[in-house]
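Encoded as structure tokens, the structure appears first; notes follow it.
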Amino acid sequence: MKITVKLNGKSRTFVCPPDERVVDLLRRHGILSVHKGCDGEGMCGACAILLDGRLVNSCLLLAPQINGREIVTVEGLAPGRQLHPIQQAFIDSGVVQCGYCTPAMVLAAKELLDRHPHPTRAQVQDFLSGIYCRCTGYEQLFEAITLASERLQGKSATASIPSYREDLRVVGKASPKIDAKKLLSGQPAFVEDQPAPGTLIIKVLTSPHAHAHIKKIDTKKAVALDGVVAVYTHHNVPQRFYNAAGQGYPEPSPYDRRLIDEYVRFVGDRVAIVAAESEAIAQQALDLIKVEYEPLPALLTLEEAMAPGAYPIHRRDLKLDPLPIGADPASNLAASSSGGIGDLEQGFAQAAVTIEREYHTGRVHASPLEPHICYTYIQDDRLIMHASIQVPWHLRRIVASLLGIRENQIRVIKERVGGGFGVKQDIVVEDIAAWVTWQTGRPALIRLTREEEFVTTRTRHPMKIKLKLGAREDGELTAMQMTLLADTGAYGPHCLTVPMNACSKSLPILRCPNVQFEVRSYYTNNPIAGAYQGYGAPQGTFAVQMAMAELAQALNMDLTRLLEKNMVRTGDELEILKCLGEGQEGIVQKVSSCGLPECLRQGRQAIGWGQPVESLEEHIKIGKGVAIIQQGSGLPGIDSANAEIKMFSDGTFMVLMGGTDLGTGLDTLAVKLAAEVLCVDVEAITILAADTDLTPFDVGAYASSGTYFSGGAVYKAAQALRSKIIALGAQMLQTAPEQVQLSYPGKVVGPGGEVDYLQIARQALSGKGPGQLMASASFTTDRSPIPYGAHFVQVAVNTQTGAVTVQRYLAFQDCGTPINPALALGQVYGGIMKAVGHSLYEELQFDEHGRCCNPNFLDYKVPMIKDLPEEVQAHLVYVEEALGPFGAKSVSEISTNGAAPAIAAAIHDATGVWLREWPFTAEKVLQALEAAQDASASA
Amino acid sequence: MLKEYFKPQTIKEAISLKQQYPEALFLAGGAEIASRQDLHPPYLIDLSRLPLKGIATNAGMLEIGALTTLQEILEAPALEQPALQPLARALARISNRNLRNQATLGGNIATDKSCSDLIPLLLVYKTSIKTFDQEGKSNWAPLETYRLSEDKPLIGALKFRIPDEHTCIDSRRFTRSANDLAIVQVALGFKRKQGCFRYVRLALGGVAAGVITLPDAEEFLEKKPLFSLPLAELLAVVQKNIQPIDDVRASADYKRKLVNALITEILVAALGKEGVH
């Protein structure tokens, strides 16, 4: 049918089927700012448009519904390449991260400010209530909208972003995220914006059984279907074992999977791959594949998997693994490790008080708004992959090995990533797309549905952690013992390293001479666990910090005093790290800087620690809690990063960085580091990153390595280029290099005069010059600065429903020098809200057959803007740090570690009840309250 | 597969299309139909051109056209009066705004879900529904009657008498997070008359296949003195009349507890703590 609409001010006529969703119609006609983040149930808002001035989800509209009506998207907010004041305010406030939801947020702000030029906080929350953002934690949106409101009133307002390091010009100061404009205005940015017409659509047939052997599979009808180009099963794909975890080679993860196996090990495991001319045909083909399964015992709990004589989920050759990881597949043990320092027995013997507790954590999903996606094609007889991935080089290595080709035959181009958070550290869909294109020669696209995203990608590892602590009467720790069981699911990417990280990012925050840990990771027939922001640290920190809170109670001591007594300080040697390496011996670290004392001091004051808050209602109990947290900055001795910088012919620069920006702002950070070193504005520097053809190697974005490693490489390259500029400048000024210095903006100043970069570039490129000025650098290290923080919360517990409301969330975080303060704060807010989610309501649930019951945003609840604590504040506490570029440490992952233990401590403070299993759903809290009541009644 | 999409200009035309294509679905805002992946209607009758929009108060009655969106109702000046605050609050609780901008009152009623944020409250307000019969003649009937009818006729509007100052009406819901369907909904209304509960109405969502009213509990409360309410007995009567089930959102047992908590909360808000024992 034909419809006519006014789209962004222009009358347009479209021909479309009557049941086409408006989001598809718009994307088909080049409106790329509308995105699909859910399966069309209207729960994410990423596809929102203004329809006759009101914000609605375009996935819930059929094309004929908009006939004769007026539609506005961000593409039409301002003429040409200009930005609307709201778009500009979003940039200036630093609220753009991955950018996948941002166009919808801008439109929501537009409707809001059209109706309420001076909105209240509640109005902002209401107008933005339908849009899911996993990155930003929402808080900075209030400031962005206030800024837009003031500017629309004609005031010349600026964003109030904290500033650090008076001695620096660019670093520590507010500057716009360099890709923000592109993300805000609907320019092609994501993988889904790339596919050419004629691209095959890939769908995967997945297992309905938690564990089965495929006895027979008949694809004849599917293959014969018109429009089906290829069908793959375990019969016609390589049977090579590999590891899908994007980790540095040799990986500390098992080679336990095949592209498609004849065994399926969880509901959602691959059974067949179909590539067809359209999604509808691919879907139809899936239905035509006949599979005969022989069900095998399904082990759905750790206990079942660990039981003596349990059916082994994997039978494979351990010799395939590149590193020994303590596996014993015959007993479903995927990986194990243990170690310690001091004498545990003696430590407990010295203790006046000993406590032993067990803590459990649920299965949660990172849920980036952009699901996993990959687009592949052949160009110049090579395989080109457009990926939304954290690890372009690991991807290239793994795919090359899988296809049996050499790495120079593959190019990986990392596009803008619509949220990664660890779940895109693995090769989840890319191997499939690569296989299809390499076999068929055709361009191919795989994009997961939200349900597939929940079930077939990666989850956080559920863990059961036993903590035994011993302390003297004055609170000094004498012994710590941590025994950890992890459910790695059907395959073992990260099965050793996540549990190890749960120890190595939670135990070393406390000084204790006698420490022992043991980790064991088991295969089960559950979805695959993997990396998710924090990488085990949220679970480990939950256990350790909870145990400290329970120890404080046993000692009748204030929790912050107990933490202060035992926490590490600058200069401490972290001996325990020697035995907490990643499949190899770790490196003892000296704490290069530690902001914990200041974080605790500021937090105590801000929350009013020790001052009870009276509740106005009898059934509402109010309490406060705290947790101290740490992470790392990349993996010393394992990670490596590389960068190049070259000077263009007018004295501007190009940075080529291997580092992978996931929407976190790494590209912007790199440009700022280079601009600071090279004494120019950020606008004088362009960056191209994470393209395996054009940029040098980087392990990728994980383990909080971006700032320290990728940033470190850029910093070193800039320093090297700086020396070359100085040398040539001095030569041009006919003086010695020691006699000149770089000066802003972009010139070399000597005693007798100056030359600017334009002159230097022209001289370099002239026949008499040294050639183009460029420099490259590699960054490897055996040192790694540790970021620290303290999170304080105040909660209200409704004792009639069990509902927990986080009233105040105050985060104090030390990241050394914040290179880009607004983006650093955004990382903290985002981390907080992810962790509030897994603390209170996020959890994947499964039935007795291992089928996921809530693989959608209707049933799996993620925090929306109305779920924000009544007050949430993040503060960056400056500490001097020598290791990182300009004293920077990592900032992203650490902020997911605090919420669960701090909230649990606050619930205890309010009600006297300990919640030892996240999420603390209202139902579980009420049960605990009732159990406590029953216990005290019978006592 | 959608074969045809109709956009009738008149109510009569809409009704005759429905007679001609019995498998057709009426489409109001469209949020429900588009979000249901299991629905594949061969024909859709888009009602958006029909004159069924708007909010009016007349002779103490509030009347709302079926095609009025939830957000439009919320913004109507009529809703500012105290007696309609419970309706305004219930509408505002419906997260999220994108859905309120699209979903219509008629669509919400026709969908008639157990977790509906509005139906329990509308039942307590004693809402009547205007529907159109096969000849296009309009006819008012109680909301309950419409809900029981087999062939759901086209809804034109709803209306109810705006309660006087002696009437207490309130509703509560419980969700896991802000943007969630209600696990349990409770709406309660009564008149304070000579120190007693009169004309009690109690409706619950989330505790049976659909929204239910609780005549036993209503009867139990009827004429009980306002300030010595036997809460435990009332809750016992309520519990006898509900059949919640376990699902991913909550266990049946917890839903029962929520019902008690929410009813208690409404009564305490209405009568003060002293009035509830």
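A note on labels: chains of the structure tokens are A, B, ... as shown, every chain counts residues from 1, and ligands are counted from 1 in their shown order.
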Neighbours of chain B in chain A at 8 Å, counting only C-alpha atoms, as a CSV table (one decimal) with N, CA, C and O atoms, in the first residue's frame:
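Below you can see part_13.csv, which holds the result:
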chain,number,residue,atom,x,y,z
A,18,PRO,N,1.1,-3.6,4.4
A,18,PRO,CA,0.3,-2.9,5.5
A,18,PRO,C,0.7,-3.3,6.9
A,18,PRO,O,0.4,-2.6,7.8
A,19,ASP,N,1.4,-4.4,7.1
A,19,ASP,CA,1.8,-4.8,8.4
A,19,ASP,C,3.2,-4.5,8.7
A,19,ASP,O,3.8,-5.0,9.7
A,40,GLY,N,10.1,-6.0,19.8
A,40,GLY,CA,8.9,-5.4,19.4
A,40,GLY,C,7.8,-5.4,20.5
A,40,GLY,O,6.6,-5.3,20.2
A,41,GLU,N,8.2,-5.6,21.7
A,41,GLU,CA,7.2,-5.5,22.8
A,41,GLU,C,7.1,-4.1,23.4
A,41,GLU,O,6.3,-3.9,24.3
A,42,GLY,N,7.9,-3.2,22.8
A,42,GLY,CA,7.8,-1.8,23.3
A,42,GLY,C,8.4,-1.5,24.6
A,42,GLY,O,7.9,-0.6,25.3
A,45,GLY,N,12.2,1.4,24.0
A,45,GLY,CA,12.1,2.8,23.6
A,45,GLY,C,13.2,3.2,22.6
A,45,GLY,O,13.2,4.4,22.2
A,48,ALA,N,12.0,5.0,19.4
A,48,ALA,CA,11.0,6.1,19.6
A,48,ALA,C,11.1,7.2,18.6
A,48,ALA,O,12.2,7.5,18.1
A,54,ARG,N,4.2,13.7,19.9
A,54,ARG,CA,4.3,12.8,21.1
A,54,ARG,C,5.2,11.7,20.8
A,54,ARG,O,5.2,11.1,19.8
A,55,LEU,N,5.9,11.3,21.9
A,55,LEU,CA,6.9,10.2,21.8
A,55,LEU,C,6.2,8.9,21.8
A,55,LEU,O,5.5,8.6,22.8
A,56,VAL,N,6.4,8.1,20.8
A,56,VAL,CA,5.8,6.7,20.8
A,56,VAL,C,6.9,5.8,20.2
A,56,VAL,O,7.8,6.2,19.5
A,57,ASN,N,6.7,4.5,20.5
A,57,ASN,CA,7.6,3.5,20.0
A,57,ASN,C,7.2,3.1,18.5
A,57,ASN,O,6.1,2.6,18.3
A,59,CYS,N,8.2,0.7,16.9
A,59,CYS,CA,8.0,-0.8,16.7
A,59,CYS,C,6.6,-1.2,17.0
A,59,CYS,O,6.2,-2.3,16.6
A,60,LEU,N,5.8,-0.3,17.6
A,60,LEU,CA,4.5,-0.7,18.0
A,60,LEU,C,3.5,0.0,17.0
A,60,LEU,O,2.3,0.0,17.3
A,61,LEU,N,4.0,0.5,16.0
A,61,LEU,CA,3.1,1.2,15.0
A,61,LEU,C,3.2,0.5,13.7
A,61,LEU,O,4.2,0.1,13.2
A,62,LEU,N,2.0,0.3,13.1
A,62,LEU,CA,2.0,-0.3,11.7
A,62,LEU,C,2.0,0.9,10.7
A,62,LEU,O,1.4,2.0,11.0
A,64,PRO,N,0.4,1.9,8.1
A,64,PRO,CA,-0.8,2.7,7.8
A,64,PRO,C,-1.3,3.6,8.9
A,64,PRO,O,-2.0,4.5,8.7
A,65,GLN,N,-0.9,3.2,10.1
A,65,GLN,CA,-1.3,4.1,11.2
A,65,GLN,C,-0.7,5.5,11.1
A,65,GLN,O,-1.2,6.4,11.7
A,126,ASP,N,9.4,11.1,34.0
A,126,ASP,CA,8.2,10.6,33.4
A,126,ASP,C,8.4,10.6,31.8
A,126,ASP,O,8.1,9.7,31.2
A,127,PHE,N,8.9,11.7,31.3
A,127,PHE,CA,9.0,11.8,29.8
A,127,PHE,C,10.0,10.8,29.3
A,127,PHE,O,9.9,10.4,28.1
A,128,LEU,N,11.0,10.5,30.1
A,128,LEU,CA,12.1,9.6,29.6
A,128,LEU,C,11.8,8.1,30.1
A,128,LEU,O,12.7,7.3,30.0
A,129,SER,N,10.7,7.9,30.7
A,129,SER,CA,10.4,6.7,31.4
A,129,SER,C,10.4,5.4,30.5
A,129,SER,O,10.5,4.3,31.0
A,130,GLY,N,10.2,5.6,29.2
A,130,GLY,CA,10.1,4.4,28.4
A,130,GLY,C,11.4,4.1,27.7
A,130,GLY,O,11.4,3.2,26.8
A,800,GLN,N,6.1,-4.7,55.1
A,800,GLN,CA,4.8,-5.4,54.8
A,800,GLN,C,4.9,-6.1,53.4
A,800,GLN,O,4.3,-7.2,53.2
A,801,THR,N,5.7,-5.5,52.5
A,801,THR,CA,5.9,-6.1,51.2
A,801,THR,C,7.3,-6.6,50.9
A,801,THR,O,7.5,-7.4,50.0
A,841,TYR,N,16.5,-6.8,41.4
A,841,TYR,CA,15.4,-7.5,40.7
A,841,TYR,C,15.9,-8.3,39.5
A,841,TYR,O,15.2,-9.2,39.0
A,845,GLN,N,15.5,-16.5,35.0
A,845,GLN,CA,14.9,-17.6,35.7
A,845,GLN,C,14.7,-18.8,34.7
A,845,GLN,O,14.4,-18.6,33.5
A,853,CYS,N,12.7,-18.6,31.5
A,853,CYS,CA,11.3,-18.2,31.6
A,853,CYS,C,11.1,-16.7,31.3
A,853,CYS,O,10.0,-16.2,31.2
A,854,ASN,N,12.2,-15.9,31.4
A,854,ASN,CA,12.0,-14.5,31.2
A,854,ASN,C,13.0,-13.8,30.3
A,854,ASN,O,13.6,-12.9,30.6
A,858,LEU,N,10.0,-7.5,29.3
A,858,LEU,CA,8.8,-7.5,30.0
A,858,LEU,C,9.0,-8.2,31.4
A,858,LEU,O,8.5,-7.8,32.4
A,859,ASP,N,9.7,-9.3,31.3
A,859,ASP,CA,9.8,-10.2,32.5
A,859,ASP,C,11.2,-10.1,33.1
A,859,ASP,O,11.3,-10.4,34.3
A,861,LYS,N,13.6,-7.6,34.4
A,861,LYS,CA,13.6,-6.2,34.6
A,861,LYS,C,15.0,-5.6,34.7
A,861,LYS,O,15.8,-6.0,35.5
A,862,VAL,N,15.2,-4.5,33.9
A,862,VAL,CA,16.4,-3.8,33.9
A,862,VAL,C,16.0,-2.4,34.5
A,862,VAL,O,14.9,-1.9,34.3
A,863,PRO,N,17.0,-1.7,35.1
A,863,PRO,CA,16.6,-0.4,35.7
A,863,PRO,C,16.3,0.6,34.6
A,863,PRO,O,17.0,0.8,33.6
A,864,MET,N,15.2,1.3,34.8
A,864,MET,CA,14.8,2.5,33.9
A,864,MET,C,15.0,3.7,34.7
A,864,MET,O,15.3,3.7,35.9
A,866,LYS,N,13.0,5.7,36.1
A,866,LYS,CA,12.2,5.9,37.3
A,866,LYS,C,12.7,5.0,38.4
A,866,LYS,O,12.3,5.1,39.6
A,867,ASP,N,13.7,4.1,38.1
A,867,ASP,CA,14.2,3.2,39.2
A,867,ASP,C,15.5,3.9,39.8
A,867,ASP,O,16.0,3.2,40.7
A,921,THR,N,15.1,-9.6,46.1
A,921,THR,CA,13.8,-9.3,45.6
A,921,THR,C,12.9,-9.1,46.8
A,921,THR,O,13.1,-9.5,47.9
A,922,ALA,N,11.8,-8.3,46.6
A,922,ALA,CA,10.9,-8.0,47.7
A,922,ALA,C,10.4,-9.3,48.3
A,922,ALA,O,10.3,-9.4,49.5
A,923,GLU,N,10.2,-10.3,47.5
A,923,GLU,CA,9.6,-11.5,48.0
A,923,GLU,C,10.6,-12.2,48.9
A,923,GLU,O,10.3,-12.7,50.0
Could you list, as a short mmCIF file (atom, residue, chain, number, x, y, z; two decimals) with C-alpha atoms, in the first residue's frame, every residue within 7 Å of stretch 122-126 of chain B, counting only C-alpha atoms and ignoring same-chain residues fewer than 3 positions away?
data_model
loop_
_atom_site.label_atom_id
_atom_site.label_comp_id
_atom_site.auth_asym_id
_atom_site.auth_seq_id
_atom_site.Cartn_x
_atom_site.Cartn_y
_atom_site.Cartn_z
CA LEU B 118 -7.16 0.73 35.22
CA ILE B 119 -9.88 -1.91 35.26
CA LEU B 143 -18.30 -2.48 32.75
CA PHE B 160 -19.01 7.12 35.78
CA ALA B 187 -8.79 -0.90 44.18
CA LEU B 188 -11.16 -0.14 47.03
CA GLY B 189 -14.04 2.28 47.29
CA ARG B 201 -16.43 -1.93 46.17
CA LEU B 202 -13.29 -4.04 46.05
CA ALA B 203 -11.56 -5.17 42.86
#
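Distance annotation: of B:Val268, B:Gly54, B:Met61, B:Leu158, the residue with the minimal separation from B:Ile73 is B:Gly54; atom set is only C-alpha atoms.
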Exercise for review: Just the residues within 10 Å of B:Lys193, please, counting only C-alpha atoms, with nothing from its chain fewer than 6 positions along; format it as a list in words.
Suggested key: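 The contact residues come out as His166, Thr167, Tyr199, Lys223, Pro225 and Leu226 of chain B.
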Review point. Do you know which residues are at most 9 Å from A:Ala888 counting only C-alpha atoms, after dropping those on the same chain fewer than 4 positions away, and could you put them as a list in words?
Key: Thr707, Tyr708, Pro785, Cys815, Gly816, Thr817, Pro818, Ile819, Glu880, Glu881, Ala882, Leu883 and Gly884 of chain A
Point to revise | Spatial neighbours of B:Lys159, max dist 12 Å, only C-alpha atoms, sep filter under 4 positions, as a ChimeraX atom specification | key: /B:54-66,105-106,122-123,125-131,140-143,155
Check your understanding: What does the distance between atom CA of B:Gln85 and atom CA of B:Leu121 come to in Å, to one decimal place?
Key -> 11.4 Å
Exercise for review: With a distance cut-off of 9 Å and only C-alpha atoms, select the neighbouring residues of A:Ala720, excluding the residue or stretch itself and same-chain residues fewer than 5 positions from it, and output the selection as a list in words.
Suggested key: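 Returned residues: Tyr715, Ile725, Met774, Ala775, Ser776 and Ala777 of chain A.
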Practice item. Enumerate, as a ChimeraX atom specification, the complete set of residues in stretch 41-171 of chain B that a backbone-based DSSP assignment places in alpha helix (DSSP H). Key: /B:70-75,85-93,97-102,105-111,119-124,143-148
Those residues with N, CA, C and O atoms, as a compact mmCIF listing (two decimals), in the first residue's frame please?
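Okay, out-v7.txt is ready:
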# COMPACT_ATOMS: atom_id res chain seq x y z
N LEU B 70 -4.23 7.31 27.06
CA LEU B 70 -4.07 7.38 28.51
C LEU B 70 -3.42 8.69 28.91
O LEU B 70 -3.77 9.29 29.92
N GLN B 71 -2.48 9.15 28.11
CA GLN B 71 -1.79 10.40 28.44
C GLN B 71 -2.74 11.59 28.28
O GLN B 71 -2.71 12.52 29.08
N GLU B 72 -3.60 11.55 27.27
CA GLU B 72 -4.55 12.65 27.09
C GLU B 72 -5.51 12.73 28.28
O GLU B 72 -5.87 13.82 28.73
N ILE B 73 -5.92 11.58 28.78
CA ILE B 73 -6.80 11.58 29.95
C ILE B 73 -6.07 12.22 31.13
O ILE B 73 -6.60 13.08 31.84
N LEU B 74 -4.83 11.79 31.29
CA LEU B 74 -4.04 12.28 32.42
C LEU B 74 -3.88 13.79 32.37
O LEU B 74 -3.83 14.47 33.39
N GLU B 75 -3.82 14.34 31.17
CA GLU B 75 -3.58 15.78 31.02
C GLU B 75 -4.87 16.58 31.08
O GLU B 75 -4.83 17.81 31.10
N GLN B 85 -8.53 12.13 41.58
CA GLN B 85 -7.10 11.95 41.80
C GLN B 85 -6.67 10.48 41.77
O GLN B 85 -5.61 10.16 41.25
N PRO B 86 -7.49 9.60 42.35
CA PRO B 86 -7.07 8.18 42.28
C PRO B 86 -6.90 7.70 40.84
O PRO B 86 -5.96 6.97 40.53
N LEU B 87 -7.77 8.15 39.94
CA LEU B 87 -7.64 7.77 38.53
C LEU B 87 -6.37 8.39 37.94
O LEU B 87 -5.61 7.73 37.23
N ALA B 88 -6.12 9.66 38.29
CA ALA B 88 -4.92 10.31 37.77
C ALA B 88 -3.67 9.58 38.26
O ALA B 88 -2.73 9.35 37.49
N ARG B 89 -3.68 9.19 39.53
CA ARG B 89 -2.50 8.49 40.05
C ARG B 89 -2.30 7.14 39.36
O ARG B 89 -1.18 6.76 39.03
N ALA B 90 -3.40 6.44 39.16
CA ALA B 90 -3.29 5.12 38.52
C ALA B 90 -2.76 5.26 37.09
O ALA B 90 -1.94 4.46 36.63
N LEU B 91 -3.23 6.29 36.39
CA LEU B 91 -2.74 6.51 35.02
C LEU B 91 -1.26 6.86 35.03
O LEU B 91 -0.48 6.35 34.23
N ALA B 92 -0.88 7.73 35.98
CA ALA B 92 0.51 8.18 36.02
C ALA B 92 1.46 7.03 36.35
O ALA B 92 2.61 7.04 35.96
N ARG B 93 0.95 6.05 37.10
CA ARG B 93 1.80 4.92 37.46
C ARG B 93 2.10 4.03 36.27
O ARG B 93 3.02 3.22 36.31
N ARG B 97 5.78 6.29 29.57
CA ARG B 97 5.08 7.36 28.89
C ARG B 97 4.86 7.05 27.40
O ARG B 97 3.82 7.38 26.85
N ASN B 98 5.83 6.44 26.76
CA ASN B 98 5.67 6.10 25.34
C ASN B 98 4.38 5.30 25.14
O ASN B 98 3.66 5.51 24.17
N LEU B 99 4.13 4.37 26.05
CA LEU B 99 2.92 3.56 25.93
C LEU B 99 1.68 4.40 26.24
O LEU B 99 0.65 4.28 25.57
N ARG B 100 1.76 5.25 27.24
CA ARG B 100 0.60 6.11 27.56
C ARG B 100 0.27 7.04 26.40
O ARG B 100 -0.87 7.42 26.21
N ASN B 101 1.29 7.43 25.64
CA ASN B 101 1.06 8.29 24.48
C ASN B 101 0.36 7.55 23.35
O ASN B 101 -0.21 8.16 22.46
N GLN B 102 0.43 6.25 23.35
CA GLN B 102 -0.14 5.48 22.25
C GLN B 102 -1.41 4.74 22.67
O GLN B 102 -2.39 4.71 21.92
N LEU B 105 -7.83 4.29 26.14
CA LEU B 105 -8.66 3.74 27.20
C LEU B 105 -9.47 2.56 26.69
O LEU B 105 -9.56 1.51 27.35
N GLY B 106 -10.04 2.72 25.49
CA GLY B 106 -10.85 1.62 24.93
C GLY B 106 -10.00 0.38 24.72
O GLY B 106 -10.44 -0.74 25.01
N GLY B 107 -8.79 0.57 24.25
CA GLY B 107 -7.90 -0.56 24.02
C GLY B 107 -7.57 -1.26 25.33
O GLY B 107 -7.55 -2.49 25.41
N ASN B 108 -7.36 -0.48 26.37
CA ASN B 108 -7.03 -1.05 27.67
C ASN B 108 -8.19 -1.90 28.19
O ASN B 108 -7.98 -2.99 28.73
N ILE B 109 -9.40 -1.39 27.99
CA ILE B 109 -10.58 -2.14 28.48
C ILE B 109 -10.81 -3.39 27.63
O ILE B 109 -11.06 -4.47 28.15
N ALA B 110 -10.69 -3.22 26.32
CA ALA B 110 -10.93 -4.37 25.45
C ALA B 110 -9.91 -5.47 25.69
O ALA B 110 -10.22 -6.65 25.62
N THR B 111 -8.68 -5.09 26.00
CA THR B 111 -7.63 -6.08 26.25
C THR B 111 -7.90 -6.82 27.55
O THR B 111 -7.64 -8.01 27.66
N ILE B 119 -8.58 -1.25 35.12
CA ILE B 119 -9.88 -1.91 35.26
C ILE B 119 -10.32 -2.06 36.73
O ILE B 119 -11.47 -1.77 37.05
N PRO B 120 -9.43 -2.46 37.65
CA PRO B 120 -9.91 -2.55 39.04
C PRO B 120 -10.48 -1.22 39.53
O PRO B 120 -11.57 -1.16 40.13
N LEU B 121 -9.80 -0.16 39.22
CA LEU B 121 -10.25 1.16 39.67
C LEU B 121 -11.55 1.56 38.97
O LEU B 121 -12.47 2.08 39.59
N LEU B 122 -11.64 1.28 37.68
CA LEU B 122 -12.86 1.62 36.94
C LEU B 122 -14.05 0.84 37.48
O LEU B 122 -15.18 1.34 37.52
N LEU B 123 -13.81 -0.39 37.91
CA LEU B 123 -14.90 -1.17 38.50
C LEU B 123 -15.36 -0.52 39.80
O LEU B 123 -16.55 -0.45 40.09
N VAL B 124 -14.40 -0.05 40.55
CA VAL B 124 -14.74 0.60 41.82
C VAL B 124 -15.49 1.92 41.59
O VAL B 124 -16.38 2.28 42.33
N LEU B 143 -19.57 -1.91 33.21
CA LEU B 143 -18.30 -2.48 32.75
C LEU B 143 -18.27 -3.99 32.91
O LEU B 143 -17.78 -4.72 32.04
N GLU B 144 -18.84 -4.49 34.04
CA GLU B 144 -18.86 -5.94 34.27
C GLU B 144 -19.60 -6.65 33.14
O GLU B 144 -19.18 -7.72 32.69
N THR B 145 -20.70 -6.06 32.72
CA THR B 145 -21.50 -6.69 31.67
C THR B 145 -20.69 -6.79 30.38
O THR B 145 -20.67 -7.82 29.71
N TYR B 146 -20.00 -5.69 30.06
CA TYR B 146 -19.17 -5.71 28.86
C TYR B 146 -18.11 -6.80 28.97
O TYR B 146 -17.86 -7.55 28.03
N ARG B 147 -17.50 -6.89 30.16
CA ARG B 147 -16.40 -7.85 30.32
C ARG B 147 -16.91 -9.28 30.16
O ARG B 147 -16.16 -10.17 29.75
N LEU B 148 -18.19 -9.51 30.52
CA LEU B 148 -18.73 -10.86 30.43
C LEU B 148 -19.25 -11.19 29.03
O LEU B 148 -19.48 -12.35 28.71
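The closest residue to B:Ala208, picked from B:Gln134, B:Ser228, B:Ser114, B:Asn139 and counting only C-alpha atoms, is B:Ser114.
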Exercise for review: Using only C-alpha atoms, find the one residue out of A:Phe241, A:Trp914, A:Phe846, A:Tyr702 that sits nearest to A:Glu550.
Suggested key: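 Residue with the minimum atom-to-atom distance to A:Glu550: A:Trp914.
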